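The structure file protein.tsv is reproduced below (TSV, C-alpha atoms and all ligand atoms).
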chain	number	residue	atom	x	y	z
A	97	MET	CA	-13.21	-59.41	5.48
A	98	SER	CA	-9.69	-58.21	4.99
A	99	GLU	CA	-7.48	-59.39	7.80
A	100	ILE	CA	-5.79	-56.08	8.47
A	101	ARG	CA	-8.31	-53.41	9.33
A	102	ALA	CA	-8.25	-50.27	11.38
A	103	SER	CA	-11.57	-51.06	12.96
A	104	ASP	CA	-14.15	-53.74	13.27
A	105	SER	CA	-17.09	-52.64	15.34
A	106	ASP	CA	-19.15	-55.81	15.01
A	107	PRO	CA	-17.97	-58.35	17.59
A	108	LEU	CA	-19.95	-61.17	15.97
A	109	ALA	CA	-18.49	-60.57	12.53
A	110	ALA	CA	-15.07	-60.33	14.11
A	111	ALA	CA	-15.56	-63.63	15.96
A	112	GLU	CA	-16.41	-65.37	12.69
A	113	ALA	CA	-13.12	-64.16	11.27
A	114	ALA	CA	-11.15	-65.44	14.26
A	115	PRO	CA	-7.65	-66.48	13.18
A	116	ALA	CA	-6.50	-70.09	12.99
A	117	ALA	CA	-5.10	-71.29	16.30
A	118	HIS	CA	-1.52	-71.87	15.15
A	119	ILE	CA	-0.91	-68.45	13.58
A	120	PRO	CA	-0.02	-65.71	16.08
A	121	ALA	CA	-2.86	-63.21	16.22
A	122	VAL	CA	-2.30	-59.62	17.27
A	123	SER	CA	-5.00	-57.04	17.85
A	124	VAL	CA	-4.77	-53.40	18.79
A	125	ILE	CA	-7.32	-51.27	20.63
A	126	ALA	CA	-6.65	-47.55	20.24
A	127	ALA	CA	-8.05	-44.15	19.44
A	128	PHE	CA	-5.92	-44.26	16.28
A	129	PRO	CA	-5.35	-47.93	15.37
A	130	GLU	CA	-4.57	-46.92	11.79
A	131	LEU	CA	-1.23	-45.58	13.06
A	132	VAL	CA	-0.23	-49.07	14.20
A	133	GLU	CA	-1.72	-50.65	11.08
A	134	GLN	CA	0.35	-48.43	8.80
A	135	ALA	CA	3.55	-49.30	10.64
A	136	CYS	CA	2.70	-53.02	10.47
A	137	ARG	CA	2.06	-52.94	6.74
A	138	VAL	CA	5.60	-52.06	5.70
A	139	GLY	CA	8.96	-53.83	5.79
A	140	VAL	CA	9.55	-57.06	7.67
A	141	THR	CA	6.19	-57.01	9.50
A	142	GLY	CA	4.26	-56.20	6.31
A	143	ARG	CA	5.93	-59.01	4.38
A	144	ALA	CA	5.27	-61.45	7.22
A	145	LEU	CA	1.63	-60.37	7.25
A	146	GLU	CA	1.28	-60.89	3.50
A	147	ARG	CA	2.83	-64.34	3.85
A	148	GLY	CA	0.33	-65.27	6.58
A	149	LEU	CA	2.92	-65.63	9.34
A	150	TRP	CA	0.77	-63.55	11.69
A	151	ARG	CA	-2.60	-61.79	11.72
A	152	PHE	CA	-3.58	-58.28	12.69
A	153	GLN	CA	-6.83	-56.60	13.57
A	154	GLY	CA	-7.29	-53.01	14.74
A	155	PHE	CA	-10.22	-51.90	16.90
A	156	SER	CA	-10.99	-48.20	16.96
A	157	LEU	CA	-12.32	-47.04	20.33
A	158	ARG	CA	-14.65	-44.57	18.64
A	159	ASP	CA	-16.52	-47.47	17.03
A	160	PHE	CA	-17.46	-48.59	20.55
A	161	ALA	CA	-18.65	-45.23	21.87
A	162	THR	CA	-22.24	-45.38	23.11
A	163	ASP	CA	-23.40	-41.85	22.25
A	164	ALA	CA	-24.08	-40.13	18.94
A	165	ARG	CA	-21.07	-37.87	19.38
A	166	LYS	CA	-18.78	-40.92	19.67
A	167	THR	CA	-17.33	-39.80	22.99
A	168	ILE	CA	-14.51	-41.97	24.29
A	169	ASP	CA	-13.10	-39.81	27.09
A	170	GLY	CA	-14.32	-37.86	30.11
A	171	ARG	CA	-12.96	-35.35	32.63
A	172	PRO	CA	-11.01	-36.93	35.50
A	173	ALA	CA	-12.99	-37.59	38.69
A	174	GLY	CA	-11.62	-35.32	41.39
A	175	GLY	CA	-10.60	-32.66	38.90
A	176	GLY	CA	-7.33	-31.87	37.19
A	177	PRO	CA	-6.18	-31.37	33.63
A	178	GLY	CA	-6.73	-33.59	30.61
A	179	MET	CA	-9.18	-36.33	29.77
A	180	VAL	CA	-9.46	-39.98	30.77
A	181	LEU	CA	-10.54	-42.80	28.42
A	182	MET	CA	-13.98	-44.01	29.61
A	183	PRO	CA	-14.55	-47.63	30.67
A	184	ALA	CA	-17.56	-48.45	28.45
A	185	PRO	CA	-15.88	-48.11	25.03
A	186	LEU	CA	-12.78	-49.84	26.42
A	187	ARG	CA	-14.88	-52.76	27.74
A	188	ALA	CA	-16.79	-53.13	24.47
A	189	ALA	CA	-13.61	-52.95	22.38
A	190	THR	CA	-11.94	-55.53	24.63
A	191	ALA	CA	-14.93	-57.86	24.21
A	192	ALA	CA	-14.76	-57.45	20.43
A	193	ALA	CA	-11.03	-58.15	20.42
A	194	ARG	CA	-11.51	-61.23	22.61
A	195	ALA	CA	-14.17	-62.48	20.20
A	196	TRP	CA	-11.84	-61.97	17.22
A	197	HIS	CA	-9.21	-64.02	19.04
A	198	GLY	CA	-11.73	-66.81	19.54
A	199	GLY	CA	-12.27	-66.12	23.26
A	200	GLN	CA	-8.79	-65.88	24.79
A	201	THR	CA	-6.16	-63.17	24.49
A	202	LYS	CA	-3.47	-61.60	26.64
A	203	VAL	CA	-4.42	-57.94	27.12
A	204	ILE	CA	-1.35	-55.73	27.26
A	205	LEU	CA	-1.63	-52.04	28.12
A	206	LEU	CA	1.06	-49.69	26.82
A	207	SER	CA	2.01	-47.11	29.40
A	208	PRO	CA	5.19	-45.46	30.69
A	209	ASP	CA	4.49	-47.01	34.10
A	210	GLY	CA	4.67	-50.59	32.77
A	211	GLU	CA	7.34	-53.28	32.73
A	212	ARG	CA	10.23	-52.13	30.57
A	213	LEU	CA	10.33	-53.80	27.14
A	214	ASP	CA	13.65	-55.48	26.40
A	215	GLN	CA	14.73	-58.30	24.09
A	216	LYS	CA	14.01	-60.92	26.79
A	217	LEU	CA	10.44	-59.72	27.24
A	218	VAL	CA	10.00	-59.48	23.45
A	219	GLU	CA	11.13	-63.12	23.13
A	220	LYS	CA	8.60	-64.16	25.78
A	221	LEU	CA	5.74	-62.22	24.18
A	222	ALA	CA	6.60	-63.65	20.74
A	223	THR	CA	5.55	-67.08	22.04
A	224	GLU	CA	2.03	-65.85	22.95
A	225	PRO	CA	-0.53	-67.05	20.37
A	226	HIS	CA	-2.95	-64.19	21.10
A	227	THR	CA	-2.07	-60.66	22.21
A	228	THR	CA	-4.21	-57.53	22.39
A	229	TRP	CA	-2.30	-54.27	22.70
A	230	VAL	CA	-4.17	-51.31	24.18
A	231	ALA	CA	-2.82	-47.86	23.46
A	232	GLY	CA	-3.54	-45.19	26.04
A	233	ARG	CA	-4.15	-41.58	25.08
A	234	TYR	CA	-4.93	-38.36	26.89
A	235	GLU	CA	-4.24	-38.34	30.63
A	236	GLY	CA	-4.93	-42.02	31.14
A	237	LEU	CA	-7.42	-44.85	31.18
A	238	ASP	CA	-10.19	-45.56	33.66
A	239	GLN	CA	-8.78	-47.68	36.50
A	240	ARG	CA	-11.90	-49.88	36.67
A	241	TRP	CA	-11.24	-51.15	33.15
A	242	ILE	CA	-7.54	-51.63	33.93
A	243	ASP	CA	-8.41	-53.73	37.01
A	244	GLU	CA	-10.93	-55.83	35.07
A	245	CYS	CA	-9.19	-56.44	31.77
A	246	VAL	CA	-5.44	-55.80	31.73
A	247	ASP	CA	-3.08	-58.78	32.08
A	248	MET	CA	0.16	-56.80	31.91
A	249	THR	CA	1.44	-53.26	31.33
A	250	VAL	CA	4.46	-52.59	29.11
A	251	SER	CA	6.59	-49.47	28.68
A	252	ILE	CA	8.98	-48.93	25.76
A	253	GLY	CA	11.24	-46.71	27.86
A	254	ASP	CA	11.50	-43.99	30.46
A	255	TYR	CA	10.03	-41.19	28.38
A	256	VAL	CA	6.52	-40.13	27.50
A	257	ILE	CA	5.12	-40.16	23.95
A	258	SER	CA	1.75	-38.71	22.99
A	259	GLY	CA	-0.06	-42.01	22.90
A	260	GLY	CA	0.49	-45.75	23.05
A	261	GLU	CA	0.01	-46.37	19.32
A	262	LEU	CA	3.65	-45.87	18.41
A	263	ALA	CA	4.68	-47.89	21.47
A	264	ALA	CA	2.41	-50.73	20.28
A	265	ALA	CA	3.97	-50.54	16.82
A	266	VAL	CA	7.46	-50.82	18.34
A	267	ALA	CA	6.55	-53.82	20.50
A	268	ILE	CA	4.69	-55.62	17.70
A	269	ASP	CA	7.56	-55.05	15.25
A	270	ALA	CA	10.10	-56.44	17.73
A	271	MET	CA	7.86	-59.47	18.32
A	272	VAL	CA	6.95	-60.26	14.70
A	273	ARG	CA	10.56	-60.21	13.48
A	274	LEU	CA	11.19	-63.15	15.83
A	275	LEU	CA	8.47	-65.32	14.29
A	276	PRO	CA	9.92	-68.27	12.37
A	277	GLY	CA	10.44	-67.28	8.74
A	278	ALA	CA	9.85	-63.54	9.27
A	279	LEU	CA	13.49	-62.62	8.66
A	280	GLY	CA	15.74	-63.68	5.80
A	281	ASP	CA	19.09	-65.27	6.68
A	282	SER	CA	21.01	-62.04	6.28
A	283	GLU	CA	18.70	-60.22	8.68
A	284	SER	CA	18.58	-62.87	11.36
A	285	ALA	CA	22.29	-62.52	12.08
A	286	VAL	CA	21.62	-59.00	13.32
A	287	THR	CA	19.10	-60.28	15.86
A	288	GLU	CA	21.54	-62.90	17.08
A	289	SER	CA	24.17	-60.31	17.81
A	290	PHE	CA	21.84	-58.47	20.16
A	291	SER	CA	20.49	-61.67	21.67
A	292	GLY	CA	24.14	-62.47	22.39
A	293	GLN	CA	24.01	-59.30	24.48
A	294	LEU	CA	26.69	-57.26	22.76
A	295	LEU	CA	25.96	-54.22	20.64
A	296	ASP	CA	26.53	-54.61	16.92
A	297	TRP	CA	29.83	-54.12	15.15
A	298	PRO	CA	30.01	-51.37	12.48
A	299	GLN	CA	28.95	-52.31	8.94
A	300	TYR	CA	30.22	-50.93	5.61
A	301	ALA	CA	28.39	-51.20	2.29
A	302	LEU	CA	30.43	-52.46	-0.68
A	303	THR	CA	30.12	-50.17	-3.69
A	304	ASN	CA	32.88	-49.88	-6.29
A	305	ALA	CA	36.65	-49.92	-5.96
A	306	ALA	CA	36.90	-46.17	-5.31
A	307	GLY	CA	33.99	-46.23	-2.87
A	308	ASN	CA	35.49	-49.15	-0.98
A	309	ALA	CA	38.85	-47.45	-0.45
A	310	ASP	CA	38.24	-46.29	3.11
A	311	ILE	CA	36.61	-49.49	4.35
A	312	PRO	CA	38.77	-51.17	7.03
A	313	PRO	CA	41.12	-53.41	4.96
A	314	VAL	CA	40.50	-56.53	7.10
A	315	LEU	CA	36.88	-56.62	5.81
A	316	LEU	CA	38.13	-56.76	2.21
A	317	GLY	CA	40.85	-59.36	2.84
A	318	GLY	CA	38.69	-62.48	2.69
A	319	ASN	CA	40.12	-64.05	5.89
A	320	HIS	CA	36.98	-64.98	7.81
A	321	ALA	CA	38.70	-65.81	11.08
A	322	LEU	CA	40.29	-62.35	11.06
A	323	ILE	CA	37.02	-60.70	10.02
A	324	ASN	CA	35.13	-62.44	12.84
A	325	ARG	CA	37.74	-61.44	15.40
A	326	TRP	CA	37.75	-57.83	14.15
A	327	ARG	CA	33.95	-57.68	14.37
A	328	ARG	CA	33.90	-59.23	17.83
A	329	GLU	CA	36.47	-56.71	19.08
A	330	ARG	CA	34.54	-53.75	17.62
A	331	ALA	CA	31.36	-55.08	19.28
A	332	LEU	CA	33.17	-55.48	22.60
A	333	GLU	CA	34.65	-51.99	22.30
A	334	LYS	CA	31.30	-50.36	21.47
A	335	THR	CA	29.50	-52.24	24.23
A	336	ALA	CA	32.18	-51.34	26.80
A	337	LEU	CA	31.88	-47.68	25.80
A	338	ARG	CA	28.10	-47.32	25.47
A	339	ARG	CA	26.51	-50.11	27.51
A	340	PRO	CA	29.05	-51.52	29.96
A	341	ASP	CA	26.12	-52.98	31.96
A	342	LEU	CA	25.55	-55.51	29.13
A	343	LEU	CA	29.03	-56.98	29.65
A	344	GLN	CA	28.01	-58.26	33.10
A	345	SER	CA	25.65	-60.85	31.62
A	346	ALA	CA	27.24	-61.38	28.16
A	347	GLN	CA	28.90	-64.70	27.38
A	348	LEU	CA	32.58	-63.83	27.01
A	349	SER	CA	35.47	-66.03	25.94
A	350	LYS	CA	38.97	-65.76	27.43
A	351	ALA	CA	40.04	-63.90	24.26
A	352	ASP	CA	37.15	-61.45	24.79
A	353	ARG	CA	38.15	-60.84	28.40
A	354	ASP	CA	41.83	-60.40	27.44
A	355	TYR	CA	40.82	-57.88	24.78
A	356	LEU	CA	38.58	-55.95	27.20
A	357	SER	CA	41.31	-55.78	29.82
A	358	LYS	CA	43.62	-54.17	27.26
A	359	LEU	CA	41.11	-51.45	26.33
A	360	ALA	CA	42.04	-48.12	27.86
A	361	LEU	CA	38.53	-46.72	28.44
A	401	LIG	N1	2.63	-44.17	26.20
A	401	LIG	C1	3.24	-43.00	26.41
A	401	LIG	N2	4.53	-43.18	26.66
A	401	LIG	C2	4.75	-44.52	26.63
A	401	LIG	C3	5.89	-45.34	26.84
A	401	LIG	N3	7.08	-44.82	27.14
A	401	LIG	N4	5.76	-46.67	26.72
A	401	LIG	C4	4.56	-47.21	26.44
A	401	LIG	N5	3.45	-46.49	26.23
A	401	LIG	C5	3.54	-45.16	26.33

Can the structure from this file be put into structure tokens for me?
Amino acid sequence: MSEIRASDSDPLAAAEAAPAAHIPAVSVIAAFPELVEQACRVGVTGRALERGLWRFQGFSLRDFATDARKTIDGRPAGGGPGMVLMPAPLRAATAAARAWHGGQTKVILLSPDGERLDQKLVEKLATEPHTTWVAGRYEGLDQRWIDECVDMTVSIGDYVISGGELAAAVAIDAMVRLLPGALGDSESAVTESFSGQLLDWPQYALTNAAGNADIPPVLLGGNHALINRWRRERALEKTALRRPDLLQSAQLSKADRDYLSKLAL
């Protein structure tokens, strides 16, 4: 069985393919798990998957529908617009996911009313050996299933997207890039700069002499102390302008504070 699959409707077969305990295992339950799968197959997450740094399994809700028409949603009790995902396919898909994980998994529902995803939460989730991400669709999910199965609810921000699949892809990407070995050295520096709670400094790509002409000269001068100071000041400036709230908790040196006090913002 290939490890990355949009659906696996046979819980027993899935249990046999349960991932080894030490490799983080991520599953997704959704109406359109292939959306998450496609996002996971490219770039950093795709490379990490190929190298066996994590495992992925999608579960398509339709595979767990109990009628011939493969119905997964029903009209809301009490009336109103839209459709609600029914509990039976959700329960069966959750059982299949649990089996694939070898019995235990943290079930995380993606919804705009969840805990806001930030780098701190991503870091915490990246330490979980087993996570199952459930993407909502339509007007919502049956509350009985939420009460029974969901361990936590996560939102990727205060806006509404059409379904949780893209939200799951965002959360999984942020998590996987933190797994040891997922990023090359050059990429990991970028993560550190956000973990250090300042926004990033601007970057310029070296091309040829003519193309480099309007790059800030300090970056071409080879003095690394000066380059580091220039970058730090640009990061401080950008953070002060765009996200002054981050400065409250950032670790700042005396030189940083002196620089900030001189900024006329
Ligand atoms: N589904 C729809 N909007 C969402 C959001 N902002 N975060 C997580 N899941 C969602």

With the cut-off set at 12 Å and counting all atoms listed in the file, tabulate each residue of stretch 119-161 of chain A with an atom at most that distance from an atom of stretch 193-213 of chain A, showing the nearest atom pair and its distance in Å to one decimal, ordered by chain and increasing number, as a tab-separated table.
residue	atom	partner	partner_atom	distance
A:Ile119	CA	A:His197	CA	10.9
A:Pro120	CA	A:His197	CA	9.8
A:Ala121	CA	A:His197	CA	7.0
A:Val122	CA	A:His197	CA	8.4
A:Ser123	CA	A:Ala193	CA	6.6
A:Val124	CA	A:Ala193	CA	8.0
A:Ile125	CA	A:Ala193	CA	7.8
A:Ala126	CA	A:Leu206	CA	10.4
A:Arg151	CA	A:His197	CA	10.1
A:Phe152	CA	A:Trp196	CA	10.1
A:Gln153	CA	A:Ala193	CA	8.2
A:Gly154	CA	A:Ala193	CA	8.5
A:Phe155	CA	A:Ala193	CA	7.2
A:Ser156	CA	A:Ala193	CA	10.5
A:Leu157	CA	A:Ala193	CA	11.2
A:Phe160	CA	A:Ala193	CA	11.5

* Could you give me, as a list in words, every polymer residue with an atom at most 9 Å away from an atom of ligand LIG 401 (chain A), counting all atoms listed in the file? =>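 I would give the residues around ligand LIG 401 (chain A) as Leu205, Leu206, Ser207, Pro208, Asp209, Gly210, Arg212, Leu213, Ala231, Gly232, Arg233, Thr249, Val250, Ser251, Ile252, Gly253, Asp254, Tyr255, Val256, Ile257, Ser258, Gly259, Gly260, Glu261, Leu262, Ala263 and Ala264 of chain A.
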
* Separation of atom CA of A:Ala188 from atom CA of A:Gln239 in Å ->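 Between atom CA of A:Gln239 and atom CA of A:Ala188 the gap works out to 15.4 Å.
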
* Structure fact -> Expressed in Å, the length from atom CA of A:Trp241 to atom CA of A:Pro129 is 19.0 Å

* **Distance criterion (all atoms listed in the file): nearest to A:Arg339 out of A:Asn319, A:Thr162, A:Gln293, A:Thr228** =>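 Residue with the minimum atom-to-atom distance to A:Arg339: A:Gln293.
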
* Find the residue from A:Val314, A:Ala265, A:Met248, A:Ala346 that sits nearest to A:Leu295; use only C-alpha atoms when measuring. =>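 Closest to A:Leu295, using only C-alpha atoms: A:Ala346.
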
* Atomic distance atom CA of A:Leu181 - atom CA of A:Met271, expressed in Å with one decimal ->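 The value is 26.8 Å.
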
* Which of these residues is nearest to A:Pro313, using only C-alpha atoms: A:Trp297, A:Trp326, A:Phe128, A:Tyr355? ->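 Ranking A:Trp297, A:Trp326, A:Phe128, A:Tyr355 by distance to A:Pro313, first place goes to A:Trp326.
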
With all atoms of stretch 175-185 of chain A from the file as input, state the centre and edge lengths in Å to one decimal of the axis-aligned box that has 6 Å extra on each side, as AutoDock Vina command-line options.
--center_x -11.9 --center_y -39.9 --center_z 32.0 --size_x 23.4 --size_y 29.1 --size_z 25.9

* To do: Compare A:Ile311, A:Glu219, A:Pro185, A:Leu294 by their minimum atom-to-atom distance to A:Gln344, counting only C-alpha atoms, and give me the closest one.
  => A:Leu294

* Asked: Which one of A:Arg325, A:Gly280, A:Glu235, A:Ile268 sits closest to A:Gly175 if you count only C-alpha atoms?
  ->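 Between A:Arg325, A:Gly280, A:Glu235, A:Ile268, the residue approaching A:Gly175 most closely is A:Glu235.
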
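Considering the residues A:Leu316, A:Ala135, A:Leu342, A:Val246 and counting all atoms listed in the file, A:Tyr300 has its shortest atom-to-atom contact with A:Leu316.
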
Kindly complete stretch 127-152 of chain A to N, CA, C and O atoms; the output should be written as a PDB file, in the frame of the given file.
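This went into rebuild_4.pdb:
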ATOM      1  N   ALA A 127      -7.319 -45.259  20.051  1.00  0.00           N
ATOM      2  CA  ALA A 127      -8.050 -44.150  19.440  1.00  0.00           C
ATOM      3  C   ALA A 127      -7.662 -44.043  17.964  1.00  0.00           C
ATOM      4  O   ALA A 127      -8.477 -43.669  17.123  1.00  0.00           O
ATOM      5  N   PHE A 128      -6.402 -44.360  17.664  1.00  0.00           N
ATOM      6  CA  PHE A 128      -5.920 -44.260  16.280  1.00  0.00           C
ATOM      7  C   PHE A 128      -5.223 -45.561  15.854  1.00  0.00           C
ATOM      8  O   PHE A 128      -4.015 -45.588  15.626  1.00  0.00           O
ATOM      9  N   PRO A 129      -5.988 -46.650  15.717  1.00  0.00           N
ATOM     10  CA  PRO A 129      -5.350 -47.930  15.370  1.00  0.00           C
ATOM     11  C   PRO A 129      -4.699 -47.904  13.995  1.00  0.00           C
ATOM     12  O   PRO A 129      -3.789 -48.695  13.714  1.00  0.00           O
ATOM     13  N   GLU A 130      -5.150 -46.987  13.144  1.00  0.00           N
ATOM     14  CA  GLU A 130      -4.570 -46.920  11.790  1.00  0.00           C
ATOM     15  C   GLU A 130      -3.077 -46.579  11.831  1.00  0.00           C
ATOM     16  O   GLU A 130      -2.323 -46.939  10.932  1.00  0.00           O
ATOM     17  N   LEU A 131      -2.659 -45.884  12.905  1.00  0.00           N
ATOM     18  CA  LEU A 131      -1.230 -45.580  13.060  1.00  0.00           C
ATOM     19  C   LEU A 131      -0.418 -46.860  13.195  1.00  0.00           C
ATOM     20  O   LEU A 131       0.642 -47.008  12.585  1.00  0.00           O
ATOM     21  N   VAL A 132      -0.929 -47.793  13.991  1.00  0.00           N
ATOM     22  CA  VAL A 132      -0.230 -49.070  14.200  1.00  0.00           C
ATOM     23  C   VAL A 132      -0.311 -49.897  12.910  1.00  0.00           C
ATOM     24  O   VAL A 132       0.661 -50.502  12.467  1.00  0.00           O
ATOM     25  N   GLU A 133      -1.500 -49.884  12.302  1.00  0.00           N
ATOM     26  CA  GLU A 133      -1.720 -50.650  11.080  1.00  0.00           C
ATOM     27  C   GLU A 133      -0.729 -50.232   9.990  1.00  0.00           C
ATOM     28  O   GLU A 133      -0.118 -51.077   9.327  1.00  0.00           O
ATOM     29  N   GLN A 134      -0.556 -48.916   9.843  1.00  0.00           N
ATOM     30  CA  GLN A 134       0.350 -48.430   8.800  1.00  0.00           C
ATOM     31  C   GLN A 134       1.778 -48.907   9.054  1.00  0.00           C
ATOM     32  O   GLN A 134       2.482 -49.323   8.140  1.00  0.00           O
ATOM     33  N   ALA A 135       2.192 -48.848  10.314  1.00  0.00           N
ATOM     34  CA  ALA A 135       3.550 -49.300  10.640  1.00  0.00           C
ATOM     35  C   ALA A 135       3.701 -50.795  10.375  1.00  0.00           C
ATOM     36  O   ALA A 135       4.757 -51.245   9.919  1.00  0.00           O
ATOM     37  N   CYS A 136       2.633 -51.557  10.636  1.00  0.00           N
ATOM     38  CA  CYS A 136       2.700 -53.020  10.470  1.00  0.00           C
ATOM     39  C   CYS A 136       2.679 -53.441   9.011  1.00  0.00           C
ATOM     40  O   CYS A 136       3.031 -54.572   8.682  1.00  0.00           O
ATOM     41  N   ARG A 137       2.227 -52.560   8.149  1.00  0.00           N
ATOM     42  CA  ARG A 137       2.060 -52.940   6.740  1.00  0.00           C
ATOM     43  C   ARG A 137       3.338 -52.857   5.926  1.00  0.00           C
ATOM     44  O   ARG A 137       3.368 -53.307   4.791  1.00  0.00           O
ATOM     45  N   VAL A 138       4.373 -52.226   6.476  1.00  0.00           N
ATOM     46  CA  VAL A 138       5.600 -52.060   5.700  1.00  0.00           C
ATOM     47  C   VAL A 138       6.712 -52.973   6.213  1.00  0.00           C
ATOM     48  O   VAL A 138       6.632 -53.501   7.326  1.00  0.00           O
ATOM     49  N   GLY A 139       7.733 -53.146   5.381  1.00  0.00           N
ATOM     50  CA  GLY A 139       8.960 -53.830   5.790  1.00  0.00           C
ATOM     51  C   GLY A 139       8.742 -55.270   6.218  1.00  0.00           C
ATOM     52  O   GLY A 139       7.888 -55.982   5.685  1.00  0.00           O
ATOM     53  N   VAL A 140       9.537 -55.666   7.208  1.00  0.00           N
ATOM     54  CA  VAL A 140       9.550 -57.060   7.670  1.00  0.00           C
ATOM     55  C   VAL A 140       8.162 -57.487   8.145  1.00  0.00           C
ATOM     56  O   VAL A 140       7.664 -58.558   7.784  1.00  0.00           O
ATOM     57  N   THR A 141       7.499 -56.638   8.953  1.00  0.00           N
ATOM     58  CA  THR A 141       6.190 -57.010   9.500  1.00  0.00           C
ATOM     59  C   THR A 141       5.148 -57.110   8.390  1.00  0.00           C
ATOM     60  O   THR A 141       4.297 -57.996   8.408  1.00  0.00           O
ATOM     61  N   GLY A 142       5.208 -56.195   7.426  1.00  0.00           N
ATOM     62  CA  GLY A 142       4.260 -56.200   6.310  1.00  0.00           C
ATOM     63  C   GLY A 142       4.419 -57.436   5.453  1.00  0.00           C
ATOM     64  O   GLY A 142       3.445 -58.079   5.067  1.00  0.00           O
ATOM     65  N   ARG A 143       5.668 -57.799   5.177  1.00  0.00           N
ATOM     66  CA  ARG A 143       5.930 -59.010   4.380  1.00  0.00           C
ATOM     67  C   ARG A 143       5.440 -60.250   5.113  1.00  0.00           C
ATOM     68  O   ARG A 143       4.815 -61.136   4.535  1.00  0.00           O
ATOM     69  N   ALA A 144       5.704 -60.285   6.425  1.00  0.00           N
ATOM     70  CA  ALA A 144       5.270 -61.450   7.220  1.00  0.00           C
ATOM     71  C   ALA A 144       3.742 -61.547   7.247  1.00  0.00           C
ATOM     72  O   ALA A 144       3.182 -62.641   7.238  1.00  0.00           O
ATOM     73  N   LEU A 145       3.100 -60.401   7.256  1.00  0.00           N
ATOM     74  CA  LEU A 145       1.630 -60.370   7.250  1.00  0.00           C
ATOM     75  C   LEU A 145       1.097 -60.907   5.919  1.00  0.00           C
ATOM     76  O   LEU A 145       0.199 -61.744   5.888  1.00  0.00           O
ATOM     77  N   GLU A 146       1.714 -60.433   4.834  1.00  0.00           N
ATOM     78  CA  GLU A 146       1.280 -60.890   3.500  1.00  0.00           C
ATOM     79  C   GLU A 146       1.493 -62.387   3.343  1.00  0.00           C
ATOM     80  O   GLU A 146       0.721 -63.065   2.662  1.00  0.00           O
ATOM     81  N   ARG A 147       2.543 -62.903   3.980  1.00  0.00           N
ATOM     82  CA  ARG A 147       2.830 -64.340   3.850  1.00  0.00           C
ATOM     83  C   ARG A 147       2.057 -65.177   4.862  1.00  0.00           C
ATOM     84  O   ARG A 147       2.277 -66.379   4.969  1.00  0.00           O
ATOM     85  N   GLY A 148       1.188 -64.524   5.646  1.00  0.00           N
ATOM     86  CA  GLY A 148       0.330 -65.270   6.580  1.00  0.00           C
ATOM     87  C   GLY A 148       1.038 -65.785   7.808  1.00  0.00           C
ATOM     88  O   GLY A 148       0.568 -66.724   8.454  1.00  0.00           O
ATOM     89  N   LEU A 149       2.189 -65.163   8.163  1.00  0.00           N
ATOM     90  CA  LEU A 149       2.920 -65.630   9.340  1.00  0.00           C
ATOM     91  C   LEU A 149       2.294 -65.117  10.632  1.00  0.00           C
ATOM     92  O   LEU A 149       2.576 -65.601  11.718  1.00  0.00           O
ATOM     93  N   TRP A 150       1.493 -64.068  10.527  1.00  0.00           N
ATOM     94  CA  TRP A 150       0.770 -63.550  11.690  1.00  0.00           C
ATOM     95  C   TRP A 150      -0.465 -62.816  11.193  1.00  0.00           C
ATOM     96  O   TRP A 150      -0.612 -62.606   9.985  1.00  0.00           O
ATOM     97  N   ARG A 151      -1.365 -62.489  12.101  1.00  0.00           N
ATOM     98  CA  ARG A 151      -2.600 -61.790  11.720  1.00  0.00           C
ATOM     99  C   ARG A 151      -2.757 -60.542  12.564  1.00  0.00           C
ATOM    100  O   ARG A 151      -2.318 -60.522  13.726  1.00  0.00           O
ATOM    101  N   PHE A 152      -3.394 -59.563  11.997  1.00  0.00           N
ATOM    102  CA  PHE A 152      -3.580 -58.280  12.690  1.00  0.00           C
ATOM    103  C   PHE A 152      -5.006 -57.812  12.560  1.00  0.00           C
ATOM    104  O   PHE A 152      -5.615 -57.942  11.499  1.00  0.00           O
TER     105      PHE A 152
END
